[in-house]
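K.L.:
Below are the structure tokens for one structure; questions will follow.
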Amino acid sequence: MELLSTTLLSAALLALFVVGYLVLAGSDIGLGMLLPHVARTPGERRRVVSAIAPYFLASEVWLVAAVGVLAGLFPVLEHHVVGGLWPVLVALAAGWLVRDAGLWFRARVDRRRWRSACDTAIVAGSWTLAVSWGLVLTGLVGGGLSPDPFTVLGTASVVSLFALRGAAFGAERLVGPTEAESADAAARATRPLARLALGATVATLFAAVVLGGPVPADAVIAAVLVAVLLAALAATSGLTGPMLSRHTSALAIAVPGLLVALSAQLPTAEVPGVTGAFVWAMLAPAVPVMLLGQVWLYRMTRRPAATPTFFA
Amino acid sequence: MFEDPLVLARLQFALTAATHYMFVALTLGLAPYILGTQLLAVLRGDRSRMLSVRFWGGLYLVNYGMGVLSGLVMELQLALNWSGLHEMFGYTFAAPLAIETMTAFFVESTFLGLWIFGWDRMGRWAHLFCFVVVTVTAYSSAWWVLVSNGFLRHPVGFEMVDGVAHMTDPVALMANPAAVLAFLHVTSGAMLVGALVVAAVGAYHLLRGNDPHGIFRRGMRYSALVMTVMPFVVVSFGGAQFQIFGQDPPTSGLTYSAEEIQAIEDAGRSAFVTAANAAGDIVMMSAWGVMFFLGPIMLVAQYGGLLNPRRWFPNLLPSWFRPGRWGLAVLLFSPFLPYLASIGGWVYRETNRQPWVVVHHLTTADAVTPMAPGAALVSFTLFTAAFAVLAAVTYWLLVRFARRGPEGGPLAERREEESPETAAPVHTF
């Protein structure tokens, strides 16, 4: 029983929230990045935003929960993260704010210029979020931010993983009863994006191994995770790419999060017993409701609404 | 003054928190009203009440969006700019916030999504259940945030281990009078915000004689009732908090000795903070003083008919003498009162504990993240400008939708003929 300590359990919870956020929010952030590419007409744009809208509500809460766990149970780690990445985190917050403002405001005023301003905010915010996440994840794996090849290539790799996830999500969710132009555009984008991500990942690996990048805390786990990432991207780069992409892109974008959780050199501290017990005692009864809400919402909104709803 | 990152960080947090609270207060104030209306609508199969739910729900969502945006920035800002606080009090102060993010906000946001997208996709009881969850989690969110905030004012239930506070008594943390009383005070105050917004919007439409579904007449009745009962609750739990003022927290002495505390407090006096504190107190008390009379007057006007003297002297009074309409016109501006009282109250509460961030343990100056002045200035300017724009747009949208009435709201039912496909002529040969 001692093996299953509160600290280990809490660390797993934190990793779950971060990886869950990357996999789920990766979909709507990635599709936001690809909005100009997959949607050309006003009607298509509305459909893309209405595919994003239910998801961002239910996926950004994973990051909020992760920040909460970080602050309440791992203040030492939080201090490390904030200390090293302060400017990037400010940019991340700004991108988040701009993107969400675009989503909340878009359907409020029925004017073309208002909508295109909101669409711009969604696209710019999504790109800012993806680049910030690239810098955060590479910064955590690499032990700090520096303008070296590893950071640049690693960021490019994470950004392309977000775009790939968005394309896979769009290929699945934008299929409608009459029009499927956006869904086709998204499906076609999966293959080049997977190739781009594959190239960026191989280059990052080269920078890490040959040019003297960071040393992982656990080389075996890091190697296994990178192998999984490369295999997922290779599978998506081929002919069956669009078909498998919804699973492979999820697996691929989970890897950077898992790399940080399992093999980065991060400061750790034992969670004090009383705090751990308190948080878990309050959390446990809420878990079924949290799961119920998430699963229910994801299942209910599998297709974008045919008629305009609150968001688009 | 603006070269100092500490001043910027404090000002930025004060502005973020005040903006956040403006929108949170309306969320907390409207949620029970919408829930009650939806419950009645479902029980009686009442279409006009469901229209009312759609109308107030639309305003609720526009307002909630800005509440979320400011809340997200506030959470990140707390982590980014106040690392000293987290270093020392992460396990105590931030633990309730962690619980809030997971058990309250996580669930609230998901179920609000279900409520928005479930209008035509789920049964009416399931749909009602979603809003029950939204209301409960909105209030539990407020509860956990105030447990954290109350801890700053009156730190209890921990011991110091190598300069880090370790929780020893979670029950004391939750039963902290600075948290419990503040929760009851803040939520009853939010009910005033909700009631007067309902009254003001109602007054606007009643003045125009535009109330075909009785939405605004019913809203007036609700508002009069709440405004009669709630001010007593607000003042009771507000006044009860004065017992903690000037009292040393039970953990005093764990970090600094009494002499050191005295020295820090003497050195940390600032004329600006003292003035802000007094101004907050005066604004809160005078706004509340006016609100105290609003409810009874509204009740008398609605049920006693006393403000309709025409009833007794039908031919005696000139046609311009219509106190009922004057009353409605006054109500149009009434929501400013509870908002002023709330902001004044928060300024009073928060400036009261300066120069401490955690009373008798950690000063505000020691809690701030060491930042380069330039970086602090960029972050301050960026978020303050963004907040000003977003809050202004949200306010404009709220007023716009409130004036449009039930037919033009963001959740209003869309009629079939609105879609361009069906409007196009069909050619037959």
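Chain lettering (A, B, ...) mirrors the order of the structure tokens, residue numbering begins at 1 for each chain separately, and ligand numbering begins at 1 in order of display.
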Would you list the contacts of Arg246 in chain A as number ranges by chain, taking every protein, DNA or RNA residue within 8 Å and counting only C-alpha atoms, but skipping same-chain residues closer than 6 positions in sequence?

P.N.:
A: 165, 168-169, 172

K.L.:
Quick one: write out the picked residues with N, CA and C atoms as an mmCIF file, in the first residue's frame?

P.N.:
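Generated output (selection.cif):
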data_model
loop_
_atom_site.group_PDB
_atom_site.id
_atom_site.type_symbol
_atom_site.label_atom_id
_atom_site.label_comp_id
_atom_site.auth_asym_id
_atom_site.auth_seq_id
_atom_site.Cartn_x
_atom_site.Cartn_y
_atom_site.Cartn_z
ATOM 1 N N ARG A 165 -3.399 17.354 -35.018
ATOM 2 C CA ARG A 165 -4.537 16.968 -34.185
ATOM 3 C C ARG A 165 -5.804 17.701 -34.654
ATOM 4 N N ALA A 168 -7.065 16.178 -37.947
ATOM 5 C CA ALA A 168 -7.736 14.897 -37.721
ATOM 6 C C ALA A 168 -9.123 15.114 -37.135
ATOM 7 N N PHE A 169 -9.205 16.065 -36.195
ATOM 8 C CA PHE A 169 -10.478 16.383 -35.552
ATOM 9 C C PHE A 169 -11.468 16.948 -36.579
ATOM 10 N N GLU A 172 -12.948 14.432 -38.953
ATOM 11 C CA GLU A 172 -13.977 13.587 -38.357
ATOM 12 C C GLU A 172 -15.261 14.358 -38.095
#

K.L.:
Give me, as a JSON list (two decimals) with C-alpha atoms, in the first residue's frame, the contact residues of chain A against chain B at a cut-off of 8 Å, counting only C-alpha atoms.

P.N.:
[["chain", "number", "residue", "atom", "x", "y", "z"],
["A", 54, "PRO", "CA", -18.58, 22.74, -27.32],
["A", 57, "LEU", "CA", -15.56, 24.71, -22.89],
["A", 58, "ALA", "CA", -14.92, 21.13, -21.84],
["A", 61, "VAL", "CA", -10.97, 23.07, -17.80],
["A", 62, "TRP", "CA", -8.30, 20.33, -17.88],
["A", 64, "VAL", "CA", -7.31, 25.02, -15.21],
["A", 65, "ALA", "CA", -7.38, 21.86, -13.09],
["A", 67, "VAL", "CA", -2.73, 24.71, -12.71],
["A", 68, "GLY", "CA", -4.80, 24.16, -9.56],
["A", 69, "VAL", "CA", -3.06, 20.86, -8.75],
["A", 70, "LEU", "CA", 0.32, 22.42, -9.51],
["A", 71, "ALA", "CA", -0.33, 25.33, -7.13],
["A", 72, "GLY", "CA", -1.97, 23.36, -4.34],
["A", 73, "LEU", "CA", 0.02, 20.12, -4.29],
["A", 74, "PHE", "CA", 3.32, 20.89, -6.05],
["A", 75, "PRO", "CA", 4.28, 24.48, -5.16],
["A", 76, "VAL", "CA", 7.99, 23.68, -5.51],
["A", 78, "GLU", "CA", 5.25, 25.44, -9.76],
["A", 79, "HIS", "CA", 8.00, 27.77, -8.58],
["A", 82, "VAL", "CA", 7.08, 29.88, -13.32],
["A", 86, "TRP", "CA", 7.54, 33.47, -16.99],
["A", 87, "PRO", "CA", 7.48, 35.32, -20.35],
["A", 89, "LEU", "CA", 3.41, 31.74, -19.69],
["A", 90, "VAL", "CA", 2.35, 35.39, -19.99],
["A", 93, "ALA", "CA", -2.32, 33.52, -20.99],
["A", 94, "ALA", "CA", -2.64, 36.33, -23.55],
["A", 97, "LEU", "CA", -7.62, 35.27, -23.52],
["A", 100, "ASP", "CA", -11.63, 32.64, -25.95],
["A", 101, "ALA", "CA", -12.81, 36.22, -26.41],
["A", 104, "TRP", "CA", -17.46, 33.99, -26.86],
["A", 108, "ARG", "CA", -23.14, 38.09, -30.66],
["A", 272, "PRO", "CA", 2.39, 16.78, 2.94],
["A", 274, "VAL", "CA", -2.79, 16.29, 5.52],
["A", 275, "THR", "CA", -2.97, 18.46, 2.39],
["A", 278, "PHE", "CA", -7.76, 16.77, 2.22],
["A", 279, "VAL", "CA", -7.61, 17.39, -1.52],
["A", 282, "MET", "CA", -12.83, 16.39, -1.60],
["A", 283, "LEU", "CA", -11.95, 15.30, -5.12],
["A", 286, "ALA", "CA", -16.64, 14.72, -7.65],
["A", 287, "VAL", "CA", -14.84, 12.37, -10.06],
["A", 289, "VAL", "CA", -19.71, 13.89, -12.03],
["A", 290, "MET", "CA", -16.59, 15.20, -13.81],
["A", 293, "GLY", "CA", -20.17, 15.68, -17.85],
["A", 294, "GLN", "CA", -17.18, 15.18, -20.14],
["A", 296, "TRP", "CA", -21.98, 13.27, -22.09],
["A", 297, "LEU", "CA", -20.87, 16.50, -23.78],
["A", 300, "MET", "CA", -23.91, 14.75, -27.52],
["A", 301, "THR", "CA", -22.01, 17.11, -29.83],
["A", 309, "THR", "CA", -26.50, 27.87, -31.43],
["A", 310, "PHE", "CA", -25.06, 30.19, -28.81]]

K.L.:
Using only C-alpha atoms, find the one residue out of B:Pro231, B:Ala224, B:Leu28, B:Gly280 that sits nearest to Trp143 in chain B.

P.N.:
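When distances to Trp143 in chain B are compared using only C-alpha atoms, the smallest one comes from B:Leu28.
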
K.L.:
Compile the contact shell of range 218-220 of chain B as number ranges by chain: residues with an atom at most 10 Å away, counting only C-alpha atoms, same-chain residues fewer than 4 positions apart removed.

P.N.:
B: 33, 37, 49, 52, 195-203, 206, 213-214, 224-226, 298-299, 302

K.L.:
If we count only C-alpha atoms and set the cut-off at 9 Å, which residues sit around range 225-231 of chain A, ignoring sequence neighbours fewer than 5 positions away in its own chain? Please answer as a list in words.

P.N.:
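Within the cut-off, the hits are Leu198, Thr201, Val202, Leu205, Val220, Thr236, Thr248, Leu251, Ala252, Ile253, Ala254, Val255, Pro256, Leu258 and Leu259 of chain A.
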
K.L.:
Determine which residues of range 96-232 of chain A DSSP labels as helix (DSSP H, G or I) from the backbone of this structure, then write them out as a PyMOL selection string.

P.N.:
chain A and resi 96-108+112-142+149-173+181-209+219-232

K.L.:
What is the distance, in Å and to one decimal place, between CA of Gly257 in chain A and CA of Leu13 in chain A?

P.N.:
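That distance, rounded to one decimal, is 12.8 Å.
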
K.L.:
Using only C-alpha atoms, which protein or nucleic acid residues come within 8 Å of range 149-163 of chain A? Drop anything in the same chain fewer than 4 positions from it, and give the result as a VMD selection string.

P.N.:
chain A and resid 26 to 27 29 to 31 33 to 34 130 to 131 133 to 135 137 to 139 142 145 167 193 to 194 196 to 198 200 to 201 203 to 204 207 to 208 213 249 252 to 253 256

K.L.:
Convert the current residue selection to file output with C-alpha atoms, as a JSON list (two decimals), in the first residue's frame.

P.N.:
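Written out: part_35.json:
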[["chain", "number", "residue", "atom", "x", "y", "z"],
["A", 26, "GLY", "CA", -5.21, 19.93, -29.10],
["A", 27, "SER", "CA", -8.30, 19.21, -31.23],
["A", 29, "ILE", "CA", -6.73, 24.62, -30.81],
["A", 30, "GLY", "CA", -5.44, 22.79, -33.89],
["A", 31, "LEU", "CA", -8.67, 23.28, -35.79],
["A", 33, "MET", "CA", -5.09, 27.17, -36.34],
["A", 34, "LEU", "CA", -6.34, 25.59, -39.57],
["A", 130, "ALA", "CA", 0.37, 26.25, -29.86],
["A", 131, "VAL", "CA", 3.70, 28.11, -30.06],
["A", 133, "TRP", "CA", 2.94, 25.22, -25.57],
["A", 134, "GLY", "CA", 5.82, 24.27, -27.84],
["A", 135, "LEU", "CA", 8.12, 26.55, -25.85],
["A", 137, "LEU", "CA", 7.11, 21.68, -23.28],
["A", 138, "THR", "CA", 10.57, 21.99, -24.86],
["A", 139, "GLY", "CA", 11.62, 24.33, -22.06],
["A", 142, "GLY", "CA", 15.36, 20.94, -21.99],
["A", 145, "LEU", "CA", 14.62, 28.36, -22.45],
["A", 167, "ALA", "CA", -6.81, 18.37, -38.98],
["A", 193, "LEU", "CA", 1.15, 17.75, -41.49],
["A", 194, "ALA", "CA", 2.17, 14.31, -40.25],
["A", 196, "LEU", "CA", 6.08, 17.89, -41.30],
["A", 197, "ALA", "CA", 5.79, 16.73, -37.69],
["A", 198, "LEU", "CA", 7.87, 13.65, -38.47],
["A", 200, "ALA", "CA", 10.59, 18.25, -37.13],
["A", 201, "THR", "CA", 10.69, 15.44, -34.57],
["A", 203, "ALA", "CA", 15.46, 17.05, -36.46],
["A", 204, "THR", "CA", 14.75, 17.68, -32.76],
["A", 207, "ALA", "CA", 19.65, 18.27, -32.12],
["A", 208, "ALA", "CA", 19.23, 16.52, -28.77],
["A", 213, "GLY", "CA", 20.72, 18.77, -26.14],
["A", 249, "SER", "CA", -2.70, 12.31, -33.63],
["A", 252, "ALA", "CA", 1.37, 11.74, -30.91],
["A", 253, "ILE", "CA", 0.37, 14.88, -29.03],
["A", 256, "PRO", "CA", 5.46, 15.57, -25.36]]

K.L.:
Expressed in Å to a single decimal, how great is the separation between CA of Leu173 in chain B and CA of Glu159 in chain B?

P.N.:
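Answer for the CA of Leu173 in chain B to CA of Glu159 in chain B separation: 12.5 Å.
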